[in-house]
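First comes the structure, then the notes that go with it.
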Amino acid sequence: MKKLVYLPFLLFIHPAFAQTAPPRLIVRGDDMGYSHAGNEAIMKCYREGIETAIEVIVPSPWFPEAVTMLAENPAVDVGIHLALSSEWDNVKWRPVSACPSLRDADGYFYPMIYPNKNYPGRSVTENRWQLADVEQEFRAQIELALKKIPRISHLSSHMGCTELAGEVKALTQKLAKEYRLDIMPDQLGVVSVGYPGAHATSPEKIESFLKLLESLEAGKTYLFVDHPGLDTPELRAIRHVGYEQVATDRQGVTDAWTSPRVRARIKAKGIQLISYRDLRQ
């Protein structure tokens, strides 16, 4: 049987091998640090479910707890979820550097990256952001993450902040190379996938995820991203206009990723659960 051959930033699969190799799937839990319930759910999905990678928001209010939890689970693959926004109405976070063009009047990040009709004038793009401030903040987040979680393997983007402009995308690539971190694995031939059907409730998420698993093709590598949570009073208080059912939605993610039916389907289909680190091995 032919073997996978890896080169930096490229993934080559011999055609003959692709016909017989099982599908590979990265299951990424985003936004660790946004709440205590989120932290608990993300770790539950790793310990008891199918999650293979975790993204941490460094300036988030529950980042210190995230650091402790990740230290207690040293095998999990961790990425820095670079953030320039603080979207929730009842809980906020501030930059970890001095970057005046990225702060609102109260010193927090703006709620949105791109214009939103529910938050007029309160996005980064509607204000005079400076590339130098973006670089300063990204560096501060990366360096604090590496200080607290040295095994960080990659970078990702919260609410699309690394796509803010062409210069920001180029900056992100520069920083990834400088700090020896991977970025979103588009260059590695990884296909991003989502729910193929209704997914508002826990049962719908489970059924939709099962349907997704059936569609995965041999020899291909896929990335599925979502945000685990628990339906607790804390998470019921976290919302923004246009996304009010956060607790229900994110409990559904946890239920789907820890579902015995989902685990059984993955096993039956021979799907390999992998992390970002596995792409390099």
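Chains: A, B, ... in order of the structure tokens. Residues: from 1 per chain. Ligands: from 1, in order shown.
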task: Identify, on the basis of only C-alpha atoms, every residue whose closest approach to Ser259 (chain A) does not exceed 12 Å; exclude the query and any residue fewer than 2 positions from it along the same chain; express the result as a ChimeraX atom specification.
output: /A:44-45,48-51,202-203,205-207,209-210,251-257,261-266
Next, write the just-selected residues to a file, as an mmCIF file, in the first residue's frame, keeping N, CA and C atoms as the atom set.
```cif
data_model
loop_
_atom_site.group_PDB
_atom_site.id
_atom_site.type_symbol
_atom_site.label_atom_id
_atom_site.label_comp_id
_atom_site.auth_asym_id
_atom_site.auth_seq_id
_atom_site.Cartn_x
_atom_site.Cartn_y
_atom_site.Cartn_z
ATOM 1 N N LYS A 44 -15.156 18.077 28.131
ATOM 2 C CA LYS A 44 -16.001 16.875 28.105
ATOM 3 C C LYS A 44 -15.996 16.249 26.712
ATOM 4 N N CYS A 45 -16.091 17.114 25.697
ATOM 5 C CA CYS A 45 -16.106 16.613 24.320
ATOM 6 C C CYS A 45 -14.776 15.976 23.936
ATOM 7 N N GLU A 48 -14.691 12.579 26.586
ATOM 8 C CA GLU A 48 -15.755 11.586 26.436
ATOM 9 C C GLU A 48 -16.297 11.505 25.011
ATOM 10 N N GLY A 49 -15.823 12.359 24.142
ATOM 11 C CA GLY A 49 -16.392 12.429 22.808
ATOM 12 C C GLY A 49 -15.369 12.333 21.703
ATOM 13 N N ILE A 50 -15.650 13.035 20.612
ATOM 14 C CA ILE A 50 -14.868 12.878 19.385
ATOM 15 C C ILE A 50 -14.000 14.091 19.064
ATOM 16 N N GLU A 51 -13.995 15.085 19.928
ATOM 17 C CA GLU A 51 -13.218 16.305 19.671
ATOM 18 C C GLU A 51 -11.724 15.992 19.662
ATOM 19 N N SER A 202 -30.676 19.422 19.963
ATOM 20 C CA SER A 202 -29.745 18.306 20.145
ATOM 21 C C SER A 202 -30.080 17.128 19.231
ATOM 22 N N PRO A 203 -31.332 16.654 19.186
ATOM 23 C CA PRO A 203 -31.630 15.543 18.280
ATOM 24 C C PRO A 203 -31.333 15.874 16.820
ATOM 25 N N LYS A 205 -29.078 17.994 15.719
ATOM 26 C CA LYS A 205 -27.624 18.017 15.529
ATOM 27 C C LYS A 205 -27.068 16.609 15.392
ATOM 28 N N ILE A 206 -27.551 15.711 16.232
ATOM 29 C CA ILE A 206 -27.065 14.327 16.171
ATOM 30 C C ILE A 206 -27.393 13.711 14.817
ATOM 31 N N GLU A 207 -28.642 13.848 14.374
ATOM 32 C CA GLU A 207 -29.032 13.262 13.092
ATOM 33 C C GLU A 207 -28.274 13.891 11.930
ATOM 34 N N PHE A 209 -25.310 15.328 12.061
ATOM 35 C CA PHE A 209 -23.904 14.924 12.110
ATOM 36 C C PHE A 209 -23.743 13.492 11.591
ATOM 37 N N LEU A 210 -24.694 12.617 11.934
ATOM 38 C CA LEU A 210 -24.648 11.244 11.412
ATOM 39 C C LEU A 210 -24.719 11.249 9.885
ATOM 40 N N GLN A 251 -25.287 23.311 23.893
ATOM 41 C CA GLN A 251 -25.515 22.013 24.526
ATOM 42 C C GLN A 251 -25.711 20.941 23.455
ATOM 43 N N GLY A 252 -26.369 21.326 22.378
ATOM 44 C CA GLY A 252 -26.558 20.386 21.275
ATOM 45 C C GLY A 252 -25.253 19.914 20.670
ATOM 46 N N VAL A 253 -24.279 20.796 20.579
ATOM 47 C CA VAL A 253 -22.956 20.407 20.071
ATOM 48 C C VAL A 253 -22.335 19.360 20.989
ATOM 49 N N THR A 254 -22.394 19.621 22.290
ATOM 50 C CA THR A 254 -21.844 18.675 23.261
ATOM 51 C C THR A 254 -22.549 17.329 23.160
ATOM 52 N N ASP A 255 -23.870 17.361 23.032
ATOM 53 C CA ASP A 255 -24.631 16.110 22.924
ATOM 54 C C ASP A 255 -24.252 15.334 21.672
ATOM 55 N N ALA A 256 -24.071 16.041 20.556
ATOM 56 C CA ALA A 256 -23.716 15.363 19.306
ATOM 57 C C ALA A 256 -22.323 14.762 19.383
ATOM 58 N N TRP A 257 -21.383 15.519 19.916
ATOM 59 C CA TRP A 257 -19.987 15.058 19.931
ATOM 60 C C TRP A 257 -19.716 13.979 20.978
ATOM 61 N N ARG A 261 -24.179 7.057 19.469
ATOM 62 C CA ARG A 261 -24.521 6.748 18.081
ATOM 63 C C ARG A 261 -23.482 7.325 17.131
ATOM 64 N N VAL A 262 -23.032 8.538 17.411
ATOM 65 C CA VAL A 262 -22.013 9.160 16.566
ATOM 66 C C VAL A 262 -20.706 8.391 16.666
ATOM 67 N N ARG A 263 -20.313 8.029 17.879
ATOM 68 C CA ARG A 263 -19.065 7.275 18.058
ATOM 69 C C ARG A 263 -19.144 5.934 17.337
ATOM 70 N N ALA A 264 -20.296 5.285 17.444
ATOM 71 C CA ALA A 264 -20.453 3.977 16.794
ATOM 72 C C ALA A 264 -20.389 4.109 15.278
ATOM 73 N N ARG A 265 -20.983 5.165 14.733
ATOM 74 C CA ARG A 265 -20.968 5.367 13.282
ATOM 75 C C ARG A 265 -19.537 5.626 12.786
ATOM 76 N N ILE A 266 -18.778 6.398 13.530
ATOM 77 C CA ILE A 266 -17.383 6.662 13.169
ATOM 78 C C ILE A 266 -16.586 5.361 13.148
#
```
May I have a table of the residues of region 232-276 of chain A lying at most 10 Å from region 214-223 of chain A, giving each one's closest pair of atoms and their distance in Å to one decimal, counting only C-alpha atoms, ordered by chain and ascending residue number, as JSON lines?
```
{"residue": "A:Arg265", "atom": "CA", "partner": "A:Glu214", "partner_atom": "CA", "distance": 8.4}
{"residue": "A:Ile266", "atom": "CA", "partner": "A:Glu214", "partner_atom": "CA", "distance": 9.1}
{"residue": "A:Lys269", "atom": "CA", "partner": "A:Glu214", "partner_atom": "CA", "distance": 8.0}
{"residue": "A:Gly270", "atom": "CA", "partner": "A:Ala218", "partner_atom": "CA", "distance": 9.6}
{"residue": "A:Ile271", "atom": "CA", "partner": "A:Leu216", "partner_atom": "CA", "distance": 8.4}
{"residue": "A:Gln272", "atom": "CA", "partner": "A:Thr221", "partner_atom": "CA", "distance": 9.2}
{"residue": "A:Leu273", "atom": "CA", "partner": "A:Tyr222", "partner_atom": "CA", "distance": 9.7}
{"residue": "A:Ile274", "atom": "CA", "partner": "A:Thr221", "partner_atom": "CA", "distance": 9.1}
{"residue": "A:Ser275", "atom": "CA", "partner": "A:Leu223", "partner_atom": "CA", "distance": 9.4}
{"residue": "A:Tyr276", "atom": "CA", "partner": "A:Leu223", "partner_atom": "CA", "distance": 9.6}
```
Next, the residues of the selection above should be written as a tab-separated table (two decimals), in the first residue's frame with C-alpha atoms.
```tsv
chain	number	residue	atom	x	y	z
A	265	ARG	CA	-20.97	5.37	13.28
A	266	ILE	CA	-17.38	6.66	13.17
A	269	LYS	CA	-17.19	3.56	8.83
A	270	GLY	CA	-13.53	3.39	9.85
A	271	ILE	CA	-13.24	7.19	10.00
A	272	GLN	CA	-9.95	8.29	11.53
A	273	LEU	CA	-10.21	11.11	14.05
A	274	ILE	CA	-7.07	13.24	13.80
A	275	SER	CA	-5.72	16.56	15.04
A	276	TYR	CA	-3.79	19.39	13.40
```
task: Name all residues at most 8 Å from Gly33 (chain A) (count only C-alpha atoms; drop same-chain ones fewer than 6 positions away) and give them as a VMD selection string.
output: chain A and resid 39 56 to 58 60 to 66
Report the closest atom pair, with its distance in Å rounded to one decimal, for each residue of region 23-124 of chain A that has an atom no farther than 9 Å from region 128-136 of chain A; count only C-alpha atoms, sort by chain and then rising residue number, and write it as CSV.
```
residue,atom,partner,partner_atom,distance
A:Leu84,CA,A:Val134,CA,8.0
A:Ser97,CA,A:Gln136,CA,6.8
A:Ala98,CA,A:Asp133,CA,7.8
A:Cys99,CA,A:Asp133,CA,4.9
A:Pro100,CA,A:Asp133,CA,7.4
A:Ser101,CA,A:Trp129,CA,4.7
A:Leu102,CA,A:Trp129,CA,5.9
A:Val124,CA,A:Trp129,CA,6.5
```
Mind writing the picked residues with N, CA and C atoms as an mmCIF file, in the first residue's frame?
```cif
data_model
loop_
_atom_site.group_PDB
_atom_site.id
_atom_site.type_symbol
_atom_site.label_atom_id
_atom_site.label_comp_id
_atom_site.auth_asym_id
_atom_site.auth_seq_id
_atom_site.Cartn_x
_atom_site.Cartn_y
_atom_site.Cartn_z
ATOM 1 N N LEU A 84 -10.184 39.618 17.787
ATOM 2 C CA LEU A 84 -10.183 41.083 17.809
ATOM 3 C C LEU A 84 -11.576 41.623 18.128
ATOM 4 N N SER A 97 -2.958 43.881 24.822
ATOM 5 C CA SER A 97 -1.891 44.837 24.517
ATOM 6 C C SER A 97 -2.497 46.231 24.441
ATOM 7 N N ALA A 98 -1.630 47.210 24.345
ATOM 8 C CA ALA A 98 -2.096 48.586 24.153
ATOM 9 C C ALA A 98 -2.331 48.804 22.663
ATOM 10 N N CYS A 99 -3.592 48.783 22.252
ATOM 11 C CA CYS A 99 -3.911 48.899 20.825
ATOM 12 C C CYS A 99 -5.159 49.772 20.696
ATOM 13 N N PRO A 100 -5.015 51.075 20.798
ATOM 14 C CA PRO A 100 -6.169 51.977 20.886
ATOM 15 C C PRO A 100 -7.148 51.889 19.726
ATOM 16 N N SER A 101 -6.692 51.572 18.536
ATOM 17 C CA SER A 101 -7.609 51.558 17.397
ATOM 18 C C SER A 101 -8.518 50.332 17.388
ATOM 19 N N LEU A 102 -8.267 49.380 18.269
ATOM 20 C CA LEU A 102 -9.075 48.163 18.332
ATOM 21 C C LEU A 102 -10.016 48.142 19.535
ATOM 22 N N VAL A 124 -15.114 46.418 13.878
ATOM 23 C CA VAL A 124 -13.742 46.860 13.636
ATOM 24 C C VAL A 124 -13.652 47.591 12.299
#
```
field: Between CA of Met112 (chain A) and CA of Val27 (chain A), distance in Å (one decimal)
entry: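 Going from CA of Met112 (chain A) over to CA of Val27 (chain A), I get 25.3 Å.
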task: Compile the contact shell of Gly29 (chain A) as number ranges by chain: residues with an atom at most 7 Å away, counting only C-alpha atoms, same-chain residues fewer than 3 positions apart removed.
output: A: 42, 51, 53-55, 225-228
message: Restricting the calculation to only C-alpha atoms: of A:Ala83, A:Ala176, A:Ala105, A:Ala170, which residue gets closest to Ser157 (chain A)?
response: A:Ala83
field: Spatial neighbours of Leu235 (chain A), 12 Å, only C-alpha atoms, chain gap at least 2 places, as a PyMOL selection string
entry: chain A and resi 34-41+88+90-91+228-233+237-240+244-251
Kindly export the residues of the current selection with C-alpha atoms, as a PDB file, in the first residue's frame.
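Final output, saved to again00.pdb:
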```
ATOM      1  CA  TYR A  34     -15.576  32.416  26.714  1.00  0.00           C
ATOM      2  CA  SER A  35     -17.317  30.916  29.780  1.00  0.00           C
ATOM      3  CA  HIS A  36     -16.895  28.340  32.521  1.00  0.00           C
ATOM      4  CA  ALA A  37     -19.667  26.205  31.011  1.00  0.00           C
ATOM      5  CA  GLY A  38     -17.931  26.419  27.649  1.00  0.00           C
ATOM      6  CA  ASN A  39     -14.643  25.293  29.149  1.00  0.00           C
ATOM      7  CA  GLU A  40     -16.288  22.334  30.878  1.00  0.00           C
ATOM      8  CA  ALA A  41     -18.127  21.294  27.713  1.00  0.00           C
ATOM      9  CA  TRP A  88     -21.496  38.928  23.851  1.00  0.00           C
ATOM     10  CA  ASN A  90     -23.311  40.495  29.142  1.00  0.00           C
ATOM     11  CA  VAL A  91     -19.669  39.466  29.264  1.00  0.00           C
ATOM     12  CA  PRO A 228     -19.515  23.101  22.692  1.00  0.00           C
ATOM     13  CA  GLY A 229     -21.379  24.393  25.726  1.00  0.00           C
ATOM     14  CA  LEU A 230     -23.676  23.362  28.568  1.00  0.00           C
ATOM     15  CA  ASP A 231     -27.231  24.519  29.120  1.00  0.00           C
ATOM     16  CA  THR A 232     -26.575  26.246  32.468  1.00  0.00           C
ATOM     17  CA  PRO A 233     -27.771  29.545  33.978  1.00  0.00           C
ATOM     18  CA  ALA A 237     -27.123  34.725  30.201  1.00  0.00           C
ATOM     19  CA  ILE A 238     -24.619  34.815  27.332  1.00  0.00           C
ATOM     20  CA  ARG A 239     -26.051  36.125  24.074  1.00  0.00           C
ATOM     21  CA  HIS A 240     -25.992  38.846  21.475  1.00  0.00           C
ATOM     22  CA  GLU A 244     -30.081  34.404  21.756  1.00  0.00           C
ATOM     23  CA  GLN A 245     -30.362  30.608  22.153  1.00  0.00           C
ATOM     24  CA  VAL A 246     -26.683  30.099  22.902  1.00  0.00           C
ATOM     25  CA  ALA A 247     -27.134  27.593  25.743  1.00  0.00           C
ATOM     26  CA  THR A 248     -29.520  25.378  23.776  1.00  0.00           C
ATOM     27  CA  ASP A 249     -27.425  25.534  20.622  1.00  0.00           C
ATOM     28  CA  ARG A 250     -24.126  24.756  22.292  1.00  0.00           C
ATOM     29  CA  GLN A 251     -25.515  22.013  24.526  1.00  0.00           C
TER      30      GLN A 251
END
```
- request: Select, from A:Arg94, A:Arg24, A:Leu82, A:Pro120, the residue with the minimum atom-to-atom distance to Val241 (chain A), counting only C-alpha atoms.
  value: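 Looking at the shortest contact to Val241 (chain A), the residue is A:Pro120.
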field: Pick from A:Tyr46, A:Tyr108, A:Tyr179, A:Phe138 nearest to Ser123 (chain A), counting only C-alpha atoms
entry: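 For Ser123 (chain A), the nearest of the given residues is A:Tyr108.
Using only C-alpha atoms for every distance, the candidate list A:Leu171, A:Met69, A:Val76, A:Met32 yields A:Val76 as the residue closest to Thr52 (chain A).
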query: When you draw a straight line from CA of Lys174 (chain A) to CA of Arg151 (chain A), how long is it in Å?
result: 19.5 Å
task: Please measure the separation of CA of Asn127 (chain A) and CA of Thr172 (chain A), giving the value in Å to one decimal.
output: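 Going from CA of Asn127 (chain A) over to CA of Thr172 (chain A) covers 20.5 Å.
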Those in region 186-249 of chain A with alpha helix (DSSP H) from DSSP, as number ranges by chain: A: 202-215, 233-236, 246-249
query: A:Glu167, A:Asp182, A:Asp106, A:Asp89: which is nearest Asn118 (chain A), counting only C-alpha atoms?
result: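 Closest to Asn118 (chain A) of all the choices is A:Asp89.
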field: A:Lys177, A:His158, A:Lys117, A:Lys211 ranked by distance to Pro196 (chain A), top pick (using only C-alpha atoms)
entry: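 The answer is A:Lys211, which sits nearest to Pro196 (chain A).
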